[in-house]
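Structure, as structure tokens:
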Amino acid sequence: MRQALLAGLLVAVMILSACGNNSAEPASPEEVQETVQNFYNEMSKFDEMGKSSLENFNTTLTSYSTGQATDKEFQKAVDSFQDTASQLAEHVSDIKIAGGLPDTIQKLLRDSVIAFQSAYQIKEKASKSAVSPDVTAEEFDAMNQQADVAMLYGISKLNEAREAAGLIDPEQAVTGTVSDAGTDVKQEPGTGSAGTTSVK
């Protein structure tokens, strides 16, 4: 299933990436490194925002499933998670790829933006389904698998850009989340409409 999801994501990335062009003056190696590092810093900041929201969601959900949090408190945590995911998707889409970068690096950064935006949009959709009686555990898991695939693809493209810019060696590439990262939401049998949600 993951192969099919990745194939679909790759098609979308290739189509959208083809829309970009590089008409600015070529950047120096130092400028390329600075641009890629700044991009990485921005994505790391967004990643930390996402992790904080997910941790709060997880804590509240655990309390809710044990009767220590009210329906209102749980709904507030869900709403906050949804808002954060939506804002992150918008922030990522607003990132501008600087001109003058080598074509390969520019394409890698553009691909990562598309993938990260897709991941956050799917996470927002998944968070809404956490309280929906019409969503099964299997459907919830499928959405989070899609988000995981998109996030991992975005990280791989970002790492490739960092390698190409000479910022890291291949063995330093991280395959988790942006900041050694992994904020994934997975469904486990338990309580709620689709089971108990555990957030890592």
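Identifiers in this document derive from the order of the structure tokens: chains are assigned A, B, ..., residues are numbered from 1 separately in each chain, and ligands are numbered from 1 in order of occurrence.
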Residues at most 12 Å from Glu73 of chain A, counting only C-alpha atoms, excluding those fewer than 2 positions away in the same chain, as a list in words? Asn56, Phe57, Thr59, Thr60, Leu61, Thr62, Ser63, Tyr64, Ser65, Gly67, Gln68, Ala69, Thr70, Asp71, Gln75, Lys76, Ala77, Val78, Asp79 and Ser80 of chain A
Could you make a table, as a Markdown table, of the residues of segment 27-118 of chain A that have an atom within 8 Å of an atom of segment 127-147 of chain A, each with its nearest atom pair and distance in Å to one decimal, counting only C-alpha atoms, in chain and number order?
| residue | atom | partner | partner_atom | distance |
| --- | --- | --- | --- | --- |
| A:Val78 | CA | A:Ser127 | CA | 6.6 |
| A:Phe81 | CA | A:Ser127 | CA | 6.9 |
| A:Gln82 | CA | A:Ser127 | CA | 6.0 |
| A:Ser118 | CA | A:Ala147 | CA | 7.3 |
Skipping near chain neighbours, those fewer than 5 positions away, what residues fall within 12 Å of segment 31-42 of chain A using only C-alpha atoms, listed as an MDAnalysis selection string? chainID A and resid 25:26 47:49 88 91:92 94:110 112:113 116 154:155 157:168 177:180
Residues of segment 35-200 of chain A classed as alpha helix (DSSP H) by DSSP on the backbone are to be reported as a VMD selection string. chain A and resid 35 to 65 71 to 94 103 to 129 137 to 164
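Here atom CA of Phe46 of chain A and atom CA of Gln87 of chain A stand 9.5 Å from one another.
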Just how far from atom CA of Ser86 of chain A is atom CA of Tyr120 of chain A, in Å to one decimal?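 Pair atom CA of Tyr120 of chain A / atom CA of Ser86 of chain A returns 6.9 Å.
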For each of A:Tyr153, A:Glu30, A:Thr84, A:Glu90, take the minimum atom-to-atom distance to Ala115 of chain A, counting only C-alpha atoms, then give the residue where this is smallest. A:Tyr153
